[in-house]
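Chemist: This is the structure I have questions about; it appears just below.
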Number of protein chains: 4
Amino acid sequence: MNTFGKLFTITTFGESHGAGVGAIIDGCPAGLEITEAYIQKELDRRKPGQSKITTQRKEEDKIQILSGVTGGKTTGAPILLLVKNSDARSEDYENLKEVYRPGHADFTYSAKYGNREWRGGGRASARTTLAQVAAGAIAKKYLKEKFCVEIIGFVDQVGSVKSEVDYSKVSLKKIEANPVRCPDETAAKKMIALIEAVKAEGDSIGGSVSAVIKNAPVGLGSPVFDKLPADLAKAMLGINAAKGFEIGSGFCAVEMRGSEHNDSFYAEKGQVKTRTNFSGGTLGGISNGENIYFRVAFKPTSTIAKAQETLNRQNKSITLKAAGRHDPCIVPRAVPIVEAMAALVILDHYLRYKAYK
Amino acid sequence: MNTFGKLFTITTFGESHGAGVGAIIDGCPAGLEITEAYIQKELDRRKPGQSKITTQRKEEDKIQILSGVTGGKTTGAPILLLVKNSDARSEDYENLKEVYRPGHADFTYSAKYGNREWRGGGRASARTTLAQVAAGAIAKKYLKEKFCVEIIGFVDQVGSVKSEVDYSKVSLKKIEANPVRCPDETAAKKMIALIEAVKAEGDSIGGSVSAVIKNAPVGLGSPVFDKLPADLAKAMLGINAAKGFEIGSGFCAVEMRGSEHNDSFYAEKGQVKTRTNFSGGTLGGISNGENIYFRVAFKPTSTIAKAQETLNRQNKSITLKAAGRHDPCIVPRAVPIVEAMAALVILDHYLRYKAYK
Amino acid sequence: MNTFGKLFTITTFGESHGAGVGAIIDGCPAGLEITEAYIQKELDRRKPGQSKITTQRKEEDKIQILSGVTGGKTTGAPILLLVKNSDARSEDYENLKEVYRPGHADFTYSAKYGNREWRGGGRASARTTLAQVAAGAIAKKYLKEKFCVEIIGFVDQVGSVKSEVDYSKVSLKKIEANPVRCPDETAAKKMIALIEAVKAEGDSIGGSVSAVIKNAPVGLGSPVFDKLPADLAKAMLGINAAKGFEIGSGFCAVEMRGSEHNDSFYAEKGQVKTRTNFSGGTLGGISNGENIYFRVAFKPTSTIAKAQETLNRQNKSITLKAAGRHDPCIVPRAVPIVEAMAALVILDHYLRYKAYK
Amino acid sequence: MNTFGKLFTITTFGESHGAGVGAIIDGCPAGLEITEAYIQKELDRRKPGQSKITTQRKEEDKIQILSGVTGGKTTGAPILLLVKNSDARSEDYENLKEVYRPGHADFTYSAKYGNREWRGGGRASARTTLAQVAAGAIAKKYLKEKFCVEIIGFVDQVGSVKSEVDYSKVSLKKIEANPVRCPDETAAKKMIALIEAVKAEGDSIGGSVSAVIKNAPVGLGSPVFDKLPADLAKAMLGINAAKGFEIGSGFCAVEMRGSEHNDSFYAEKGQVKTRTNFSGGTLGGISNGENIYFRVAFKPTSTIAKAQETLNRQNKSITLKAAGRHDPCIVPRAVPIVEAMAALVILDHYLRYKAYK
């Protein structure tokens, strides 16, 4: 339900128009230095209104740590992270009160729970991913400090605009250099132009996010069900609007031969390495010391300005024309969420791994 | 680790060259009629040696039910499913004793556990998927009998040979009509020809499996982390050789516009329906009553006859030339595994759903 | 760790001198009417300063519901319950900064986490049971409204003062009629006198709480590990200061004969009943429709005014004389905690039970 | 349900008159030497027919390891333990087919599952505890070899015959010296005489088992819900016929003063020690390095030869007179079960502890 992880767990709460959103982190090792300012920086990467290609909605998104940290350090007790909602004007959503918005969870939530939060999607709102980003920020910090693991995500495609990126050389700086978070500058420009054009039409566009996990030790992941790729896949498909996941060669593997796909082993300074990395850094579900990389597909934002046919709660056909300001493309803001979820998976598996060392 | 599910759980055991493989099913509702013969039929779909395009290895794979079923009906107690291994000739694997086979888990298991089963992959062997298929057979039966849910998988692509299949009309009969399990007869012929050619070269080839889940009630899946697509993704990426998962529009969503992707709602006989189904049967992670469909990418079989560069356990470079008989393409035999894992996910979520009705 | 339950789960957070304490409830069915005022009433039963026999410390303990409830009803989304801490004067604890208080968790927390909250016990503080009481209040309400289950706890012994109480006739009103929460008035007076005497000596005294669960349906509890008594035992031993648990005949069973202990079955209006109830309402770990009753032993409060020999963090022997105001006997305030934890167990098992009906 | 533990888990299966009983152990560290002979020795301690004071029923109870162990060592993969049932004569139970036996789970299982195994109790049979003993044997071995932890149980009371035993000095040899497993020889003789007398009357008698865990490191157990005493309590109340659990001072704490109960700290060779051990080796739910000791109450065996009033499945009153050979007192055979469950708890917490070191 609302808990993720086995040893490093997060349990999230909150909805778009309640008091706030957040998470309890349970199982965070003691002694990690954490400040609200550090987490805030990660949240700001996800924040609306960052640039002209994201929604112009303004949200404060100010993080508060209410437990589990004393004197700037984690104590080993549960950490409560809270981001209060600013006073949202519910009137903005009045026209949505009775509508099942296409592509949104209004209908399924209504059917499942017998009630419905019509103001901004309630629990299904992407606003709830704030909790994941805040918790993931802590996991990322621990991974980096304790064993130099780095997790970097970037936008690799928007609509039909593809980028050329060598994931093994990608840097945070290059990604943050443009608002679309694509380290290929030429592609980035085209992506921005496309997003602006789509926005002008009152429409939205899909995209994909790639991520690389560097320096993960050999041995993370469990055989059979809790394979590292399996847990990453679950984490990614849990993100709002995600439609697909692939690791290493991914769907390209379908057209490949074994003689081409098998990554040959060789030794370098006593370390086992592979000449290629089609496996994406795991073999049999367990990390092999190479870069772990994967890609996540996101659908176009469901909220669009264009008129759409739909139903209201009385099952009457109506035409919906959304007001409000929305992201024409979700992927630039999805980057920190992908990184955060990956960090949660890796840290959780790292703790399991330590239990047996 | 080796347990999957929350209310309907399976815990598997066994390795390629031990006494056998199998699973304990816990949480199976009482009163379901189950026979070994019924499960055997599903296992036979996965069995090696079915046709000229699968491995010619012969395995008996005879299922035994050792607990939880009395008088042909489940009792509510745990069900132990066991498939004994036939006496494997370990000599066949003597030459692999010291080798890290490319694409296989030999190296990562060795690094993680400090030991290694060199005979046929041990716990990492695809033979262990027998357990999933047997357990999934029980889940499938329950789903079909209790609420008419049907789960049908098929091969939709092998190498670059794609099929044209309307997932909403696909039938088990058509799929089982040819050894490659592709309901598009023209494509099936080409796939078979490709697999034979690849086999003749001592190589292997990738492929993909699609599956459709029909008649799932509205309301399966939990918000945030345990979304139905998230749990399906985890289940699929847990299958040996899986490299990718997509649901509904999947990676195609990347290039789509919102106005195109949003499935319009309409009402039919009091039921909420959608005109298109790019969402793949879920909205906000919860089933919406439409067909749930998804696709899984599989890499080419790692074992090939061609010579390969690799290392032995002493980190010395060697050339490996695999003897033995292996599947040139894994996807025809992966179909029942994909169905089984999907059935486990759906039944588990169905029981969670009932807890709140 | 800090999560309890499988379908109806609570995850708690907070420490005695941080920002506050509370819990996320996940898996609460939608549609239950809940107000802060209702929860507050349960919290007030646990509050310090209620009477002359509890600590005179004043705490506000004001509950806030920050998510999961809209328009006075649960939505099915996680419910965040928060009780802010009032500004505690840390100076009061200055003398404890370096001390391992006997009977407290100072030493074990320090050894486990490498840090220590010396102000009021930190995470180990009994203040954290506020979260359980608040969450249990919601479970109790659901159980009562949906299937008339009632859970009533009371003090049955303080020191050597025992009460005579027929658990099947006990009522909330009678229990709340005196500050020691013992429905046997004569015993209650003696208990109060004893507590006052002990307090005057700067000492503390143990006690026990009994509880009865009425109207639980037949069939709650799972065989083998998740027996209803097993889950109740875990819940109770998780409460601060608890040292023992017994159900039905409990430790008296040790001296009984089978012919005496076996509860004979008889039928009444088509219902299977038992003539006695030594089993305490469960057979084979599953509720049998009779009253479920159990008893929990609590040690005397560890904080006392009397001088005690102990160590400081430098392993030097010192004499500790506690200042501050503390409960001379914990059991009157433990009653709502016992009820709350029992409610969490019963509701969790009720949801599991529904999954299979 | 049928799984216990978080990192070192056991999932059990089997019923009294099916093919067999057993367990899958998941999460056992690789490299532990394990033989069937070693496990068999532990099983033999639980076996019926050991002496004149246990049931005269003969059962083979021969253990088989079907997976997870290669070359005499655990591999890190799941371990399947199987004990086949010998061909039981179902005729012996013919007269029980329609009866709800008092004190047994016949009625509650029937109500919960809508079916019933009338031959020997089915899943509710104490025969299923074989699985726990076998799995616990492995946990015990690991604990002893890796960090010298010893777990020793013994009978401390039968009926009103109490023993005088210093738990800190108790040895396996002394316990196994007599058939009642009580290290106090004088008491043991009286216990045996009492059991024989009770047996002659066709009746049964209760008893209690104490256990001590030596050399557990400081820091096992998690705050709040997964306290070590809480997990031990759950484990013990999950054993058939258990009615109560107490740790350290247990129910005696009720009558104690704080000044008496608080264990004073002192230092010895740089180690923090306590002068008394009323806490039973844990503070705030976490082990403090002292001996962990606890006591479990068992009811008298429900099966007795004396005539009893009861119902059949048609809710008709009948008189039941049990044939067959049964234990007049369960506790001598419960000793290895208590030890096994304690070992599972300690090893599970030890692995969690390692995850954070």
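Residue numbers start at 1 in each chain; chains themselves are named A, B, ... in the order of the structure tokens; ligands are numbered from 1 in the order shown.
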Report as a tab-separated table: every residue of chain A with an atom at most 10 Å from chain C, its closest pair of atoms, and their distance in Å to one decimal, counting only C-alpha atoms, with rows sorted by chain and ascending residue number.

Modeler:
residue	atom	partner	partner_atom	distance
A:Met1	CA	C:Asp26	CA	7.4
A:Asn2	CA	C:Asp26	CA	6.8
A:Thr3	CA	C:Asp26	CA	8.5
A:Leu7	CA	C:Met1	CA	8.9
A:Thr9	CA	C:Thr3	CA	9.8
A:Ile10	CA	C:Thr11	CA	9.7
A:Thr11	CA	C:Thr11	CA	7.6
A:Thr12	CA	C:Pro78	CA	7.5
A:Phe13	CA	C:Pro78	CA	5.2
A:Gly14	CA	C:Ser67	CA	5.1
A:Glu15	CA	C:Ser67	CA	6.9
A:Ser16	CA	C:Ser67	CA	9.9
A:His17	CA	C:Ser67	CA	9.3
A:Gly18	CA	C:Ser67	CA	6.0
A:Ala19	CA	C:Leu66	CA	5.2
A:Gly20	CA	C:Leu66	CA	6.7
A:Val21	CA	C:Ser67	CA	7.8
A:Gly22	CA	C:Leu80	CA	9.3
A:Ala23	CA	C:Ile24	CA	8.7
A:Ile24	CA	C:Phe13	CA	7.2
A:Ile25	CA	C:Phe13	CA	9.0
A:Asp26	CA	C:Asn2	CA	6.8
A:Gly27	CA	C:Met1	CA	7.5
A:Pro29	CA	C:Tyr113	CA	8.1
A:Ala30	CA	C:Tyr113	CA	5.9
A:Gly31	CA	C:Gly114	CA	7.7
A:Ile65	CA	C:Ala19	CA	8.5
A:Leu66	CA	C:Ala19	CA	5.2
A:Ser67	CA	C:Gly14	CA	5.1
A:Gly68	CA	C:Gly14	CA	6.8
A:Val69	CA	C:Gly18	CA	8.6
A:Thr70	CA	C:Gly18	CA	8.1
A:Lys73	CA	C:Asn115	CA	9.4
A:Thr74	CA	C:Asn115	CA	9.2
A:Thr75	CA	C:Asn115	CA	6.5
A:Gly76	CA	C:Tyr113	CA	6.2
A:Ala77	CA	C:Arg123	CA	6.6
A:Pro78	CA	C:Phe13	CA	5.2
A:Ile79	CA	C:Phe13	CA	6.8
A:Leu80	CA	C:Phe13	CA	6.6
A:Lys84	CA	C:Leu66	CA	9.3
A:Tyr109	CA	C:Gly76	CA	9.4
A:Ser110	CA	C:Thr75	CA	9.9
A:Lys112	CA	C:Gly76	CA	9.0
A:Tyr113	CA	C:Ala30	CA	5.8
A:Gly114	CA	C:Ala30	CA	7.4
A:Asn115	CA	C:Thr75	CA	6.5
A:Arg116	CA	C:Thr75	CA	7.7
A:Glu117	CA	C:Thr70	CA	8.2
A:Gly122	CA	C:Ala77	CA	9.1
A:Arg123	CA	C:Ala77	CA	6.6
A:Ala124	CA	C:Ala77	CA	9.6

Chemist: Tell me, as a PyMOL selection string, which residues lie within 7 Å of B:Asn312, counting only C-alpha atoms; anything in the same chain fewer than 2 positions away does not count.

Modeler: chain B and resi 98-100+310+314-318

Chemist: I need the residues from that last selection saved to file as a PDB file, in the first residue's frame (with N, CA and C atoms), if you can.

Modeler:
ATOM      1  N   GLU B  98      34.709 -24.352 -13.353  1.00  0.00           N
ATOM      2  CA  GLU B  98      35.537 -23.215 -12.963  1.00  0.00           C
ATOM      3  C   GLU B  98      35.250 -21.958 -13.778  1.00  0.00           C
ATOM      4  N   VAL B  99      34.216 -22.005 -14.588  1.00  0.00           N
ATOM      5  CA  VAL B  99      34.003 -20.935 -15.560  1.00  0.00           C
ATOM      6  C   VAL B  99      32.895 -19.971 -15.133  1.00  0.00           C
ATOM      7  N   TYR B 100      33.098 -18.675 -15.348  1.00  0.00           N
ATOM      8  CA  TYR B 100      32.006 -17.715 -15.265  1.00  0.00           C
ATOM      9  C   TYR B 100      31.400 -17.590 -16.655  1.00  0.00           C
ATOM     10  N   THR B 310      35.911 -15.465 -21.870  1.00  0.00           N
ATOM     11  CA  THR B 310      35.437 -15.249 -20.503  1.00  0.00           C
ATOM     12  C   THR B 310      36.563 -15.519 -19.499  1.00  0.00           C
ATOM     13  N   GLN B 314      39.710 -18.296 -11.299  1.00  0.00           N
ATOM     14  CA  GLN B 314      41.021 -17.742 -10.924  1.00  0.00           C
ATOM     15  C   GLN B 314      41.298 -16.461 -11.706  1.00  0.00           C
ATOM     16  N   ASN B 315      40.248 -15.919 -12.329  1.00  0.00           N
ATOM     17  CA  ASN B 315      40.374 -14.687 -13.110  1.00  0.00           C
ATOM     18  C   ASN B 315      41.315 -14.820 -14.307  1.00  0.00           C
ATOM     19  N   LYS B 316      41.484 -16.040 -14.792  1.00  0.00           N
ATOM     20  CA  LYS B 316      42.265 -16.260 -16.007  1.00  0.00           C
ATOM     21  C   LYS B 316      41.333 -16.214 -17.208  1.00  0.00           C
ATOM     22  N   SER B 317      41.796 -15.577 -18.285  1.00  0.00           N
ATOM     23  CA  SER B 317      41.004 -15.546 -19.516  1.00  0.00           C
ATOM     24  C   SER B 317      40.967 -16.922 -20.163  1.00  0.00           C
ATOM     25  N   ILE B 318      39.797 -17.343 -20.583  1.00  0.00           N
ATOM     26  CA  ILE B 318      39.665 -18.626 -21.269  1.00  0.00           C
ATOM     27  C   ILE B 318      38.636 -18.497 -22.380  1.00  0.00           C
TER      28      ILE B 318
END

Chemist: Based on the backbone DSSP call, show me all residues of stretch 87-324 of chain B assigned alpha helix (DSSP H), as an NGL selection string.

Modeler: :B and (106-113 or 129-147 or 172-175 or 185-200 or 228-237 or 258-261)

Chemist: Please produce an output containing C-alpha atoms for each residue in the selection, written as a compact mmCIF listing (two decimals), in the first residue's frame.

Modeler:
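Writing done, so here's selection_11.txt:
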# COMPACT_ATOMS: atom_id res chain seq x y z
CA ASP B 106 27.85 -17.68 -12.06
CA PHE B 107 30.00 -14.71 -11.15
CA THR B 108 27.44 -12.76 -9.14
CA TYR B 109 26.28 -15.79 -7.13
CA SER B 110 29.84 -16.74 -6.47
CA ALA B 111 30.63 -13.22 -5.24
CA LYS B 112 27.47 -12.94 -3.15
CA TYR B 113 27.40 -16.36 -1.51
CA THR B 129 10.46 -21.25 -12.82
CA LEU B 130 8.66 -24.58 -12.67
CA ALA B 131 7.59 -23.53 -9.20
CA GLN B 132 6.06 -20.30 -10.45
CA VAL B 133 4.18 -22.07 -13.22
CA ALA B 134 2.77 -24.68 -10.85
CA ALA B 135 1.66 -22.09 -8.32
CA GLY B 136 0.34 -19.80 -11.03
CA ALA B 137 -1.78 -22.66 -12.39
CA ILE B 138 -3.67 -22.72 -9.10
CA ALA B 139 -4.09 -18.94 -9.10
CA LYS B 140 -5.33 -19.00 -12.69
CA LYS B 141 -7.91 -21.64 -11.89
CA TYR B 142 -9.24 -19.72 -8.93
CA LEU B 143 -9.43 -16.47 -10.90
CA LYS B 144 -11.26 -18.12 -13.76
CA GLU B 145 -13.75 -20.02 -11.66
CA LYS B 146 -14.54 -17.35 -9.13
CA PHE B 147 -14.77 -14.29 -11.34
CA LEU B 172 -5.45 -19.97 -25.95
CA LYS B 173 -6.28 -22.31 -28.80
CA LYS B 174 -4.71 -20.10 -31.43
CA ILE B 175 -1.62 -19.61 -29.33
CA GLU B 185 0.27 -17.59 -38.21
CA THR B 186 2.29 -15.76 -40.83
CA ALA B 187 4.58 -14.24 -38.26
CA ALA B 188 4.78 -17.55 -36.41
CA LYS B 189 6.20 -19.26 -39.49
CA LYS B 190 8.82 -16.57 -39.89
CA MET B 191 9.70 -16.77 -36.20
CA ILE B 192 10.17 -20.52 -36.39
CA ALA B 193 12.37 -20.17 -39.45
CA LEU B 194 14.44 -17.52 -37.67
CA ILE B 195 14.86 -19.62 -34.56
CA GLU B 196 15.97 -22.60 -36.64
CA ALA B 197 18.48 -20.49 -38.52
CA VAL B 198 19.88 -19.04 -35.32
CA LYS B 199 20.10 -22.50 -33.80
CA ALA B 200 22.00 -23.78 -36.81
CA LEU B 228 -1.10 -2.94 -10.19
CA PRO B 229 1.40 -2.05 -12.96
CA ALA B 230 4.16 -1.81 -10.33
CA ASP B 231 3.46 -5.28 -8.98
CA LEU B 232 3.17 -6.70 -12.49
CA ALA B 233 6.48 -5.07 -13.39
CA LYS B 234 8.18 -6.58 -10.38
CA ALA B 235 6.72 -10.00 -11.17
CA MET B 236 7.89 -9.87 -14.78
CA LEU B 237 11.38 -8.53 -14.13
CA GLY B 258 -2.06 13.87 -24.23
CA SER B 259 -5.00 14.54 -26.54
CA GLU B 260 -4.23 11.26 -28.26
CA HIS B 261 -3.27 9.17 -25.22

Chemist: In Å, how far is it from atom CA of A:Val170 to atom CA of A:Pro183?

Modeler: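 So the two atoms, atom CA of A:Val170 and atom CA of A:Pro183, lie 7.1 Å apart.
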
Chemist: I need the residues in stretch 173-234 of chain C that are strand (DSSP E or B) according to DSSP; give them as a list in words.

Modeler: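 Put together, the selection reads Ile205, Gly207, Ser208, Val209, Ser210, Ala211, Val212, Ile213 and Lys214 of chain C.
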
Chemist: Could you tell me how far atom CA of D:Gln157 sits from atom CA of D:Asn288, in Å to one decimal place?

Modeler: 27.5 Å

Chemist: Give me, as a PyMOL selection string, all polymer residues having an atom no more than 10 Å from C:Val158, counting only C-alpha atoms and skipping those fewer than 3 positions away in the same chain.

Modeler: (chain C and resi 155+161-163+180+182+187-188+190-192+194-195+205-209+297-298+300+329-332) or (chain D and resi 254-256)

Chemist: When you draw a straight line from atom CA of A:Val83 to atom CA of A:Asp61, how long is it in Å?

Modeler: 5.8 Å
